[in-house]
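Engineer: Here it is: the structure, laid out below.
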Number of protein chains: 4
Amino acid sequence: MKKVEFFMLLLCFIAASFLVSADPPTCPADLGGKCSDSDDWQGDFFPEIPKIKYEGPSSKNPLAYRWYNAEEEILGKKMKDWFRFSVAFWHTFRGTGGDPFGAATKYWPWEDGTNSVSMAKRRMRANFEFLKKLGVDWWCFHDRDIAPDGTTLEESNKNLDEVIELAKELQKGSKIKPLWGTAQLFLHPRYMHGGATSSEVGVYAYAAAQVKKAMEVTHYLGGENYVFWGGREGYQTLLNTDMGRELDHLARFFEAAVAYKKKIGFKGTLLIEPKPQEPTKHQYDWDAATAANFLRKYGLIDEFKLNIECNHATLSGHTCHHELETARINGLLGNIDANTGDAQTGWDTDQFLTDVGEATMVMMSVIKNGGIAPGGFNFDAKLRRESTDVEDLFIAHISGMDTMARGLRNAVKILEEGSLSELVRKRYATWDSELGKQIEEGKADFEYLEKKAKEFGEPKVSSAKQELAEMIFQSAM
Amino acid sequence: MKKVEFFMLLLCFIAASFLVSADPPTCPADLGGKCSDSDDWQGDFFPEIPKIKYEGPSSKNPLAYRWYNAEEEILGKKMKDWFRFSVAFWHTFRGTGGDPFGAATKYWPWEDGTNSVSMAKRRMRANFEFLKKLGVDWWCFHDRDIAPDGTTLEESNKNLDEVIELAKELQKGSKIKPLWGTAQLFLHPRYMHGGATSSEVGVYAYAAAQVKKAMEVTHYLGGENYVFWGGREGYQTLLNTDMGRELDHLARFFEAAVAYKKKIGFKGTLLIEPKPQEPTKHQYDWDAATAANFLRKYGLIDEFKLNIECNHATLSGHTCHHELETARINGLLGNIDANTGDAQTGWDTDQFLTDVGEATMVMMSVIKNGGIAPGGFNFDAKLRRESTDVEDLFIAHISGMDTMARGLRNAVKILEEGSLSELVRKRYATWDSELGKQIEEGKADFEYLEKKAKEFGEPKVSSAKQELAEMIFQSAM
Amino acid sequence: MKKVEFFMLLLCFIAASFLVSADPPTCPADLGGKCSDSDDWQGDFFPEIPKIKYEGPSSKNPLAYRWYNAEEEILGKKMKDWFRFSVAFWHTFRGTGGDPFGAATKYWPWEDGTNSVSMAKRRMRANFEFLKKLGVDWWCFHDRDIAPDGTTLEESNKNLDEVIELAKELQKGSKIKPLWGTAQLFLHPRYMHGGATSSEVGVYAYAAAQVKKAMEVTHYLGGENYVFWGGREGYQTLLNTDMGRELDHLARFFEAAVAYKKKIGFKGTLLIEPKPQEPTKHQYDWDAATAANFLRKYGLIDEFKLNIECNHATLSGHTCHHELETARINGLLGNIDANTGDAQTGWDTDQFLTDVGEATMVMMSVIKNGGIAPGGFNFDAKLRRESTDVEDLFIAHISGMDTMARGLRNAVKILEEGSLSELVRKRYATWDSELGKQIEEGKADFEYLEKKAKEFGEPKVSSAKQELAEMIFQSAM
Amino acid sequence: MKKVEFFMLLLCFIAASFLVSADPPTCPADLGGKCSDSDDWQGDFFPEIPKIKYEGPSSKNPLAYRWYNAEEEILGKKMKDWFRFSVAFWHTFRGTGGDPFGAATKYWPWEDGTNSVSMAKRRMRANFEFLKKLGVDWWCFHDRDIAPDGTTLEESNKNLDEVIELAKELQKGSKIKPLWGTAQLFLHPRYMHGGATSSEVGVYAYAAAQVKKAMEVTHYLGGENYVFWGGREGYQTLLNTDMGRELDHLARFFEAAVAYKKKIGFKGTLLIEPKPQEPTKHQYDWDAATAANFLRKYGLIDEFKLNIECNHATLSGHTCHHELETARINGLLGNIDANTGDAQTGWDTDQFLTDVGEATMVMMSVIKNGGIAPGGFNFDAKLRRESTDVEDLFIAHISGMDTMARGLRNAVKILEEGSLSELVRKRYATWDSELGKQIEEGKADFEYLEKKAKEFGEPKVSSAKQELAEMIFQSAM
């Protein structure tokens, strides 16, 4: 195959690839069906949606907050500062409703069916209008959601720059900025074997170039964190995989990322987002503990924190609360991807969390952590495929924010009421003794402990009072 | 929105939809990169692949059979008649390698990047060459894989007719014909709430029209079965679903299908393919027992059989062997979708089965059933996303066929060796008594049984010898 | 081995067997350590626990109801009549805290460490005091929890009669009676291969005799239902199992049970309790649909209903709500085992349900069903192994009852508020048309439907509004 | 309660506890039913079982090896030295067949129904006869399986010493010794909240005393490793748990164990055995990566290795192969608990592995690791509850050993045939370049990589050839 042919093929291929799962395949409902490639549609993407306001629990208005009251102070901090809510650009503006068995279902009025730079810019304007109507100050993005891939790295970067310039301009005069940015290293077929862990060294280099640029633009927009989700950093079968070598490559990659971050003066936190599997059969950042082991093994533990996603937590066999606590006690709780999965399905459903009990446990961890700034709560959540009204985008976010707000209110109620922490305090009371202190200070060897055990005789063991703990917890809901 | 606009939108939408997950977004490697829309490429799609032959277990040739020897007689039947292997058009010729996180990865040389009728015909020719080189006489298809959707039902039917005509012609002079056909009621967004169980009555009518046509063309091509896989016949949440009403609609739909089958003189078996979930959170034909309950409840039990897929079996919490046996003892074992899943993942991976032990259990059921004709073994299995060579298509099918062939050989060995069936016979020996007979004939009431129990005293209970059974089974591998 | 030896062995064996998992291996804390075998301890088992009263949501008293107000009328029925709560004798009075890796942890003051008839009677008195203090009118039992097994069937029956006589006497003057009784066909080693599906015909007879007696005593005590939970009716491996023959035996067994029920004039409902697995690898009554298929296949569908347990539902891959709805639309919703499992564990944890959202969905089904009398809500739930205080037994039941009560209150709120049912009504509105009616009446064949589909053109498909439905649902919590 | 009463209670309690799940509640079949407490039965526990010999693959004798040929050399090492097979005392000699729903089913002829020291000694003799007949040189034990618990720590230690003395004597003149010993910190109710992570400081001291003694006796018998399986080191609910504090205690405990090991001159490896859950809802040593993170966090990484159990691997969502490889590349592969689980059940079934494919993958890891001495393969596997013949104990072990032997033979075949490793080599070939070397040496920063990526243009990405890899792998079976 000649070189020209190869590029034609490539172009054709790439264009098609984007259509496959990134592009809302729609035409603009309000522009008379013309698939216009101009950047002229600047206003009122959501003409029928008012600015969302707090109306209190008795409101029946689905387009109002019932529990989230941004400026209300709770435990000395405004609600908005506890949460630092963020909209995920990819789900909200690039989600098509496609699934492994079905085509796109959503065709938003502002989409023109293309993947052009001007369409990208129009979408960015929609994003800012959405953020403002919702009253949210942060957003998250992958490089390739917000600007189209080009046929070369240079062209992709140019496209990205153009959209970033607009975003920068749109941010002006507002408090809006990225909670975090990231590079999309999983959609394009070049990444089918991974990015940093690809079996092809050229892909590793390409991934590095892409992350470099994504870090630069995140920094430029004032982003507060930078995320690594290794969607394809894993394996499909061990039969054809050199896991040890791939993990070494991943470590080299992260080291280079740390060095580059410092070089450009980016102060944001680097975050790893664990997920057990999907798309690969096994993803290297399986869960919080696995990611922590990796970071410790390669001496990177002080350079990274974790972005815990609730749906990823349950897919790995843990509760979200467990993953948050594991991150917290390892000093790694950096950000939360606020979503949930379906308890009966074995894949990532990325639903908006509406379980108030779970939200309460999440907020108990966050309070213990003293908040999560500079991290926040990113809604890595998408509309169900069958939810196709523009207003559904608002309803879903409102519902998610209200759920988290109820969680915060309940967690504070439990904390202030005090009987749950009293129950825990009592449970460990015997450790607040001389012997407890000696053990905790590493001063009790086996011979000393044996002597003590013989002195004590059979130890008394108290009820764990789990049902009482659950009763106290539920009563606060 | 005016009507014209609506149709433009629709057209745009449909075109894009197809690109999303049905269309291998590639250009023809051997045609100089031109996305030609002609039907002129008639020959030698697989120039480097020889006709696959049986070379026996010692062969090292990946493009040869080591265990599958089509004409060899086993238990009085040729191997090819035990299996009646079928290639699934959708996976082999429309699989793109796309997944929820990634774009297409495969670009076969014969693809031109379009979804045109002439591309469809070229693909059909590739299918027949593939079947012949593999030495397989059956194929399976959805209406929408083999011919492109049109903007109206009439146009879709016309497209389908044109491709069917070619298939008919290609079948001539060979033994090749469809093992089964089916209608694709899940990809298009109109089916997002289901086909027969959609909340929209118009979709039900549309689905009926589509199934009517698919049954007609299956019949026309000499297809031996017709399959219903209800990919979207289920729910995402019970909160917005009237499950009872939807199931009633499904029953009405099946009744109409039975009536129409009889009307057109189609003698093939109607098959329901159970699957627990995915794409919906809950699919109505959850597993074999659930489908059987549905058929019995609505008086359809004599009109349908089941198409058991191994990967669906494991997703529903059962072994494949269990589902086959459940179908068999309910008189419903009609066809097998020969694939497997990954034991650690919670979604449908549709892998080629390579576990000889599992294949052996499958064949034990098939032998007990006296074969499965007019059903067969359809390879509802796809290449891994990262397998991108044309030869991988052959290797995967050869590996799958050889695995099943080893399963058959082992099952026969176990049967002929006899110690496993002797173990089972002994286990139930006490039932081959007078009392056993009375009970089995329904002549033993509780009072009689109590009398017997008192006479017997404490019953003797023998070892189940599971480890011995496993040892016998494994030794035959 | 001589006969005498065999009986000695048997005796030794049976005694030990009971100690294994049925017997709280404790000595009476308040009786000076003497393992007294007398029936003299008649009173005040729970001296420090008051009669539990309704104190309303603001109460901080763990020994009071906050939401369950027995006499309060809701939708024209008293709360107590909606629920018909029942205490499970086996968990509450025979649960020891033993698990596969650990010994018993609970030693209640009234236990004397024996499995004698007089201990059984003392325990029955404790049961009645417990019921009265809790304000609950129903209890459930297995034959072998309430009275010790003897060395012969005759002796076991005699033991049972003696305890039943006491229970009858204790019931007098109260409204207390069994919600249901059942026979324990899983603990004793004779049942290791099953009861009705044992590979040994003598075990089948023994099981029949045991069920016969258990039905008699349930009837005698005024029990309102009789339950079959087939703990060992299933298989460990298909390699040594004749599943078809075993299921035929099970059907014969149920036919005999139906006949005997009629013969003795027992009017209670016969209930099958589905469970997917544990203790066997595969239990025949896997889930509601599987049990329904079995009942239909053998013509037993009008003679049985189902007892749905929430923890069993989730183990089979369904929500509890799904199983209730499946039972309901098959006309089989008979009783509810009100408990829950742990979403991350793969075995039956039998926890008290404290999730108000789940309780609300349960009650939505119950209200749709018009209540579940003569069934009720049996607390098939146990204290955690580590909960060892007597008061924990009360706290757990109160917490479970309050959770269900909140569920009822919320379900009514949702119903009365109306927007969720309005959302559903709208979703199916197109079915309330002429065409909808024709289809539902079986008058629309494929040709007619095709004609309609062509007339309609592309059907309009509305948003499913799942996020709105979830918002409405959660707002009622 | 007075002190005397307390001890009576305790005695009663402990005796009963043992009966619950540790004690085969049987009487000696060959001793006329007398529950004799003497230590006089010294010989021929398995009179009908011959010494198990290698007879080759064509043998039909279930009491012979078909693939395991102890003295045969493979890759320069005898088969017995590759495996170092070990019998697990607890399953083989203390397994009763009890499960959460059922009593004991096994009554071996040598059991007398007591938990006396003399019964313990008789059992130890049976163990040595079993090892010799099987031709196995290692055994594993918990302190409390081999000798009865006493009413005080002193008495327990005395009991243990007496049995250990016998074991020492029985070892004499043979090569038999413990592969490893361990302390049982999960059965007794004192450990219900954990041992080292108990909420009661007295329990921590008791656990230390018990581990101290168990290490001493393991050392005394020439044991080659010491294992920590933290069955109860975890939590049931986070609501009542201080996870951070508990993990700190666990680290202190391990530090003390390391110090004590050194003090007494024990050179054996300390091993942690990961398990995700069961009996606790969440066990702290969830999987290999979690255990590694813990060891690294607390500076213990050089003092411990891991004991990987296949059934635990699958319960944590991984393949056994994955866990072995994870341990290996972290330098932690110390021992293998050779068993398997049921792919459809969510609890630990501890079955003997009979899947040759899985065994082959296990052996591929072991060969890569250069063997696992001083670790070995411990059969942490038990007879099914329904397998009640003495010969079943032998059949199960023979089947497990033969399966592993086939795995070794297959792994060597794959290695020597070479095409699988060639496939892997080719896959990573681009890394064996100048750039690959620079990256692996940490010399390629993001700027350099970006430059390279721009030079390269779109990287070429090859097929992963998974189906070919699977075909090669399966063909070697």
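Every chain in the structure tokens has a letter given in the order shown (A, B, ...), and although residue numbers restart at 1 in each chain, ligands are simply numbered from 1 in the order shown.
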Could you build a table of the residues in chain D lying no more than 8 Å from chain B, giving for each the nearest pair of atoms and their separation in Å rounded to one decimal place, using only C-alpha atoms, ordered by chain and ascending residue number, as a tab-separated table?
Structural biologist:
residue	atom	partner	partner_atom	distance
D:Pro62	CA	B:Leu468	CA	7.6
D:Thr314	CA	B:Gln344	CA	7.7
D:Gly317	CA	B:Gln344	CA	5.8
D:His318	CA	B:Gln344	CA	6.5
D:Thr319	CA	B:Gln344	CA	7.4
D:Ala343	CA	B:Ala343	CA	6.9
D:Gln344	CA	B:Gly317	CA	5.8
D:Thr354	CA	B:Gln474	CA	6.9
D:Asp355	CA	B:Gln474	CA	7.7
D:Gly357	CA	B:Asp355	CA	7.8
D:Leu383	CA	B:Glu467	CA	7.5
D:Arg384	CA	B:Gln466	CA	7.1
D:Glu386	CA	B:Ala464	CA	5.4
D:Ser387	CA	B:Ser463	CA	4.6
D:Thr388	CA	B:Ser463	CA	4.8
D:Asp389	CA	B:Ser463	CA	6.1
D:Asp392	CA	B:Glu467	CA	6.9
D:Ile395	CA	B:Leu468	CA	6.4
D:Ala396	CA	B:Glu467	CA	5.5
D:Ser399	CA	B:Met471	CA	5.8
D:Ser462	CA	B:Thr388	CA	7.3
D:Ser463	CA	B:Ser387	CA	4.6
D:Ala464	CA	B:Ser387	CA	5.3
D:Lys465	CA	B:Ser387	CA	5.4
D:Gln466	CA	B:Ser387	CA	6.7
D:Glu467	CA	B:Ala396	CA	5.5
D:Leu468	CA	B:Ile395	CA	6.4
D:Glu470	CA	B:Thr354	CA	7.2
D:Met471	CA	B:Ser399	CA	5.8
D:Gln474	CA	B:Thr354	CA	6.9
Engineer: May I have the selected residues written with N, CA, C and O atoms, as a tab-separated table (two decimals), in the first residue's frame?
Structural biologist:
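The result, stored in selection.tsv:
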chain	number	residue	atom	x	y	z
D	62	PRO	N	-8.74	-46.15	40.28
D	62	PRO	CA	-8.89	-44.83	40.92
D	62	PRO	C	-7.90	-44.63	42.06
D	62	PRO	O	-7.71	-43.49	42.49
D	314	THR	N	-10.36	-16.39	42.94
D	314	THR	CA	-11.59	-16.19	42.15
D	314	THR	C	-12.65	-15.44	42.95
D	314	THR	O	-13.39	-14.64	42.40
D	317	GLY	N	-12.35	-11.84	42.44
D	317	GLY	CA	-12.60	-11.32	41.10
D	317	GLY	C	-11.43	-11.52	40.13
D	317	GLY	O	-11.45	-10.99	39.02
D	318	HIS	N	-10.42	-12.27	40.56
D	318	HIS	CA	-9.26	-12.53	39.71
D	318	HIS	C	-9.19	-14.01	39.34
D	318	HIS	O	-9.76	-14.85	40.02
D	319	THR	N	-8.41	-14.31	38.30
D	319	THR	CA	-8.06	-15.70	38.08
D	319	THR	C	-6.96	-16.08	39.08
D	319	THR	O	-6.24	-15.21	39.60
D	343	ALA	N	-17.39	-21.86	39.93
D	343	ALA	CA	-17.48	-20.59	39.21
D	343	ALA	C	-18.82	-19.89	39.42
D	343	ALA	O	-18.94	-18.70	39.16
D	344	GLN	N	-19.82	-20.61	39.86
D	344	GLN	CA	-21.14	-19.99	40.03
D	344	GLN	C	-21.49	-19.68	41.48
D	344	GLN	O	-22.57	-19.14	41.72
D	354	THR	N	-9.62	-29.84	39.48
D	354	THR	CA	-9.53	-30.88	38.46
D	354	THR	C	-9.48	-30.29	37.05
D	354	THR	O	-9.55	-31.03	36.08
D	355	ASP	N	-9.37	-28.98	36.96
D	355	ASP	CA	-9.33	-28.33	35.66
D	355	ASP	C	-7.86	-28.27	35.17
D	355	ASP	O	-7.05	-27.52	35.71
D	357	GLY	N	-6.54	-27.13	32.45
D	357	GLY	CA	-6.14	-25.84	31.89
D	357	GLY	C	-5.68	-24.89	32.98
D	357	GLY	O	-4.63	-24.25	32.86
D	383	LEU	N	-13.30	-32.73	50.91
D	383	LEU	CA	-14.33	-33.56	50.29
D	383	LEU	C	-15.64	-32.80	50.29
D	383	LEU	O	-15.93	-32.03	51.21
D	384	ARG	N	-16.44	-33.03	49.26
D	384	ARG	CA	-17.81	-32.52	49.29
D	384	ARG	C	-18.51	-33.12	50.52
D	384	ARG	O	-18.18	-34.22	50.95
D	386	GLU	N	-21.16	-34.59	50.77
D	386	GLU	CA	-21.86	-35.83	50.45
D	386	GLU	C	-20.91	-36.97	50.13
D	386	GLU	O	-21.36	-38.05	49.75
D	387	SER	N	-19.61	-36.72	50.21
D	387	SER	CA	-18.64	-37.78	49.96
D	387	SER	C	-18.23	-38.35	51.30
D	387	SER	O	-17.52	-37.70	52.06
D	388	THR	N	-18.67	-39.55	51.59
D	388	THR	CA	-18.58	-40.03	52.97
D	388	THR	C	-17.81	-41.33	53.11
D	388	THR	O	-17.77	-41.90	54.20
D	389	ASP	N	-17.21	-41.81	52.03
D	389	ASP	CA	-16.41	-43.02	52.13
D	389	ASP	C	-14.95	-42.66	52.44
D	389	ASP	O	-14.44	-41.66	51.93
D	392	ASP	N	-12.84	-41.93	49.54
D	392	ASP	CA	-13.01	-40.62	48.89
D	392	ASP	C	-11.87	-39.67	49.24
D	392	ASP	O	-11.46	-38.83	48.43
D	395	ILE	N	-9.13	-40.66	46.86
D	395	ILE	CA	-9.48	-40.33	45.47
D	395	ILE	C	-9.32	-38.84	45.23
D	395	ILE	O	-8.77	-38.41	44.22
D	396	ALA	N	-9.80	-38.05	46.18
D	396	ALA	CA	-9.75	-36.59	46.01
D	396	ALA	C	-8.30	-36.11	45.92
D	396	ALA	O	-7.96	-35.30	45.04
D	399	SER	N	-6.69	-37.27	42.64
D	399	SER	CA	-7.22	-36.49	41.52
D	399	SER	C	-6.56	-35.10	41.48
D	399	SER	O	-6.15	-34.60	40.44
D	462	SER	N	-0.23	-3.91	15.91
D	462	SER	CA	-0.46	-5.27	15.41
D	462	SER	C	-1.57	-6.00	16.16
D	462	SER	O	-1.91	-5.65	17.28
D	463	SER	N	-2.05	-7.04	15.53
D	463	SER	CA	-3.04	-7.92	16.17
D	463	SER	C	-2.45	-8.55	17.41
D	463	SER	O	-1.27	-8.94	17.43
D	464	ALA	N	-3.29	-8.69	18.46
D	464	ALA	CA	-2.83	-9.31	19.71
D	464	ALA	C	-2.83	-10.82	19.63
D	464	ALA	O	-2.28	-11.49	20.51
D	465	LYS	N	-3.45	-11.37	18.59
D	465	LYS	CA	-3.44	-12.82	18.35
D	465	LYS	C	-3.91	-13.64	19.55
D	465	LYS	O	-3.36	-14.70	19.83
D	466	GLN	N	-4.94	-13.16	20.24
D	466	GLN	CA	-5.42	-13.90	21.42
D	466	GLN	C	-5.94	-15.28	21.06
D	466	GLN	O	-5.69	-16.26	21.75
D	467	GLU	N	-6.69	-15.36	19.95
D	467	GLU	CA	-7.26	-16.66	19.56
D	467	GLU	C	-6.16	-17.64	19.21
D	467	GLU	O	-6.26	-18.84	19.51
D	468	LEU	N	-5.09	-17.15	18.59
D	468	LEU	CA	-3.97	-18.04	18.28
D	468	LEU	C	-3.30	-18.50	19.57
D	468	LEU	O	-2.97	-19.68	19.73
D	470	GLU	N	-4.67	-18.83	22.45
D	470	GLU	CA	-5.55	-19.82	23.09
D	470	GLU	C	-5.48	-21.16	22.37
D	470	GLU	O	-5.53	-22.22	22.99
D	471	MET	N	-5.39	-21.11	21.05
D	471	MET	CA	-5.29	-22.36	20.28
D	471	MET	C	-4.00	-23.11	20.64
D	471	MET	O	-4.02	-24.32	20.88
D	474	GLN	N	-4.41	-24.52	24.21
D	474	GLN	CA	-5.32	-25.67	24.31
D	474	GLN	C	-4.76	-26.90	23.62
D	474	GLN	O	-5.03	-28.03	24.05
Engineer: Run DSSP on the backbone and grab whatever in segment 245-408 of chain D lands in strand (DSSP E); send it over as an NGL selection string.
Structural biologist: :D and (269-272 or 282-283 or 304-309 or 333-337 or 377-379)
Engineer: Take the residues just selected and output them with C-alpha atoms as a short mmCIF file (atom, residue, chain, number, x, y, z; two decimals), in the first residue's frame.
Structural biologist:
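Written file, result.cif:
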data_model
loop_
_atom_site.label_atom_id
_atom_site.label_comp_id
_atom_site.auth_asym_id
_atom_site.auth_seq_id
_atom_site.Cartn_x
_atom_site.Cartn_y
_atom_site.Cartn_z
CA THR D 269 9.15 -17.90 55.51
CA LEU D 270 6.29 -15.92 57.00
CA LEU D 271 3.34 -16.02 54.66
CA ILE D 272 0.16 -13.95 54.45
CA HIS D 282 -14.49 -7.59 54.18
CA GLN D 283 -11.16 -9.15 55.05
CA PHE D 304 6.73 -11.71 54.29
CA LYS D 305 5.65 -13.59 51.21
CA LEU D 306 2.19 -14.63 50.12
CA ASN D 307 0.34 -17.91 50.19
CA ILE D 308 -1.96 -17.73 47.16
CA GLU D 309 -5.12 -19.82 47.26
CA LEU D 333 5.19 -15.77 45.62
CA GLY D 334 5.78 -18.06 48.56
CA ASN D 335 3.28 -20.91 48.60
CA ILE D 336 0.16 -22.16 46.83
CA ASP D 337 -3.03 -23.43 48.40
CA PHE D 377 1.38 -27.00 47.19
CA ASN D 378 -0.89 -27.44 50.14
CA PHE D 379 -4.23 -29.13 49.43
#
Engineer: Of the candidates C:Arg245, C:Arg232, C:Lys368, C:Lys262, which shows the shortest atom-to-atom distance to Tyr191 of chain C, using only C-alpha atoms?
Structural biologist: C:Arg232
Engineer: Would you mind listing what lies within 6 Å of Glu224 of chain C as a ChimeraX atom specification, with only C-alpha atoms counted and same-chain residues fewer than 5 positions away left out?
Structural biologist: /C:179-180,268
Engineer: Looking only at helix (DSSP H, G or I) from DSSP on the backbone, list the matching residues of segment 48-135 of chain D as a list in words.
Structural biologist: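 Taking segment 48-135 of chain D and keeping helix (DSSP H, G or I) gives Met79, Lys80, Asp81, Trp82, Phe83, Phe89, Trp90, His91, Thr92, Phe93, Arg94, Val117, Ser118, Met119, Ala120, Lys121, Arg122, Arg123, Met124, Arg125, Ala126, Asn127, Phe128, Glu129, Phe130, Leu131, Lys132, Lys133 and Leu134 of chain D.
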Engineer: Using only C-alpha atoms, determine which residues lie at most 8 Å from Glu129 of chain B, disregarding the query and same-chain residues fewer than 4 positions distant; provide the list as a ChimeraX atom specification.
Structural biologist: /B:44-46,125,133
Engineer: May I have the residues within 10 Å of His91 of chain C as number ranges by chain, using only C-alpha atoms and disregarding those fewer than 6 positions away in the same chain?
Structural biologist: C: 22, 97, 141, 145, 350, 379-383, 393
Engineer: Could you jot down the atom CA of Thr152 of chain C to atom CA of Gly195 of chain C separation for me, Å, one decimal place?
Structural biologist: 16.9 Å
Engineer: With only C-alpha atoms as the counted atoms, please give the residues lying no more than 10 Å from Arg123 of chain A, apart from itself and same-chain residues fewer than 3 positions off, as a list in words.
Structural biologist: Asp39, Trp41, Gln42, Phe45, Phe89, Phe93, Arg94, Trp110, Glu111, Val117, Ser118, Met119, Ala120, Ala126, Asn127, Phe128, Glu129, Ile146, Ala147 and Val163 of chain A
Engineer: May I have the residues within 12 Å of Arg409 of chain B as a ChimeraX atom specification, using only C-alpha atoms and disregarding those fewer than 2 positions away in the same chain?
Structural biologist: /B:67-69,72-75,79,82,356-357,359-364,367,402-407,411-416,476-477
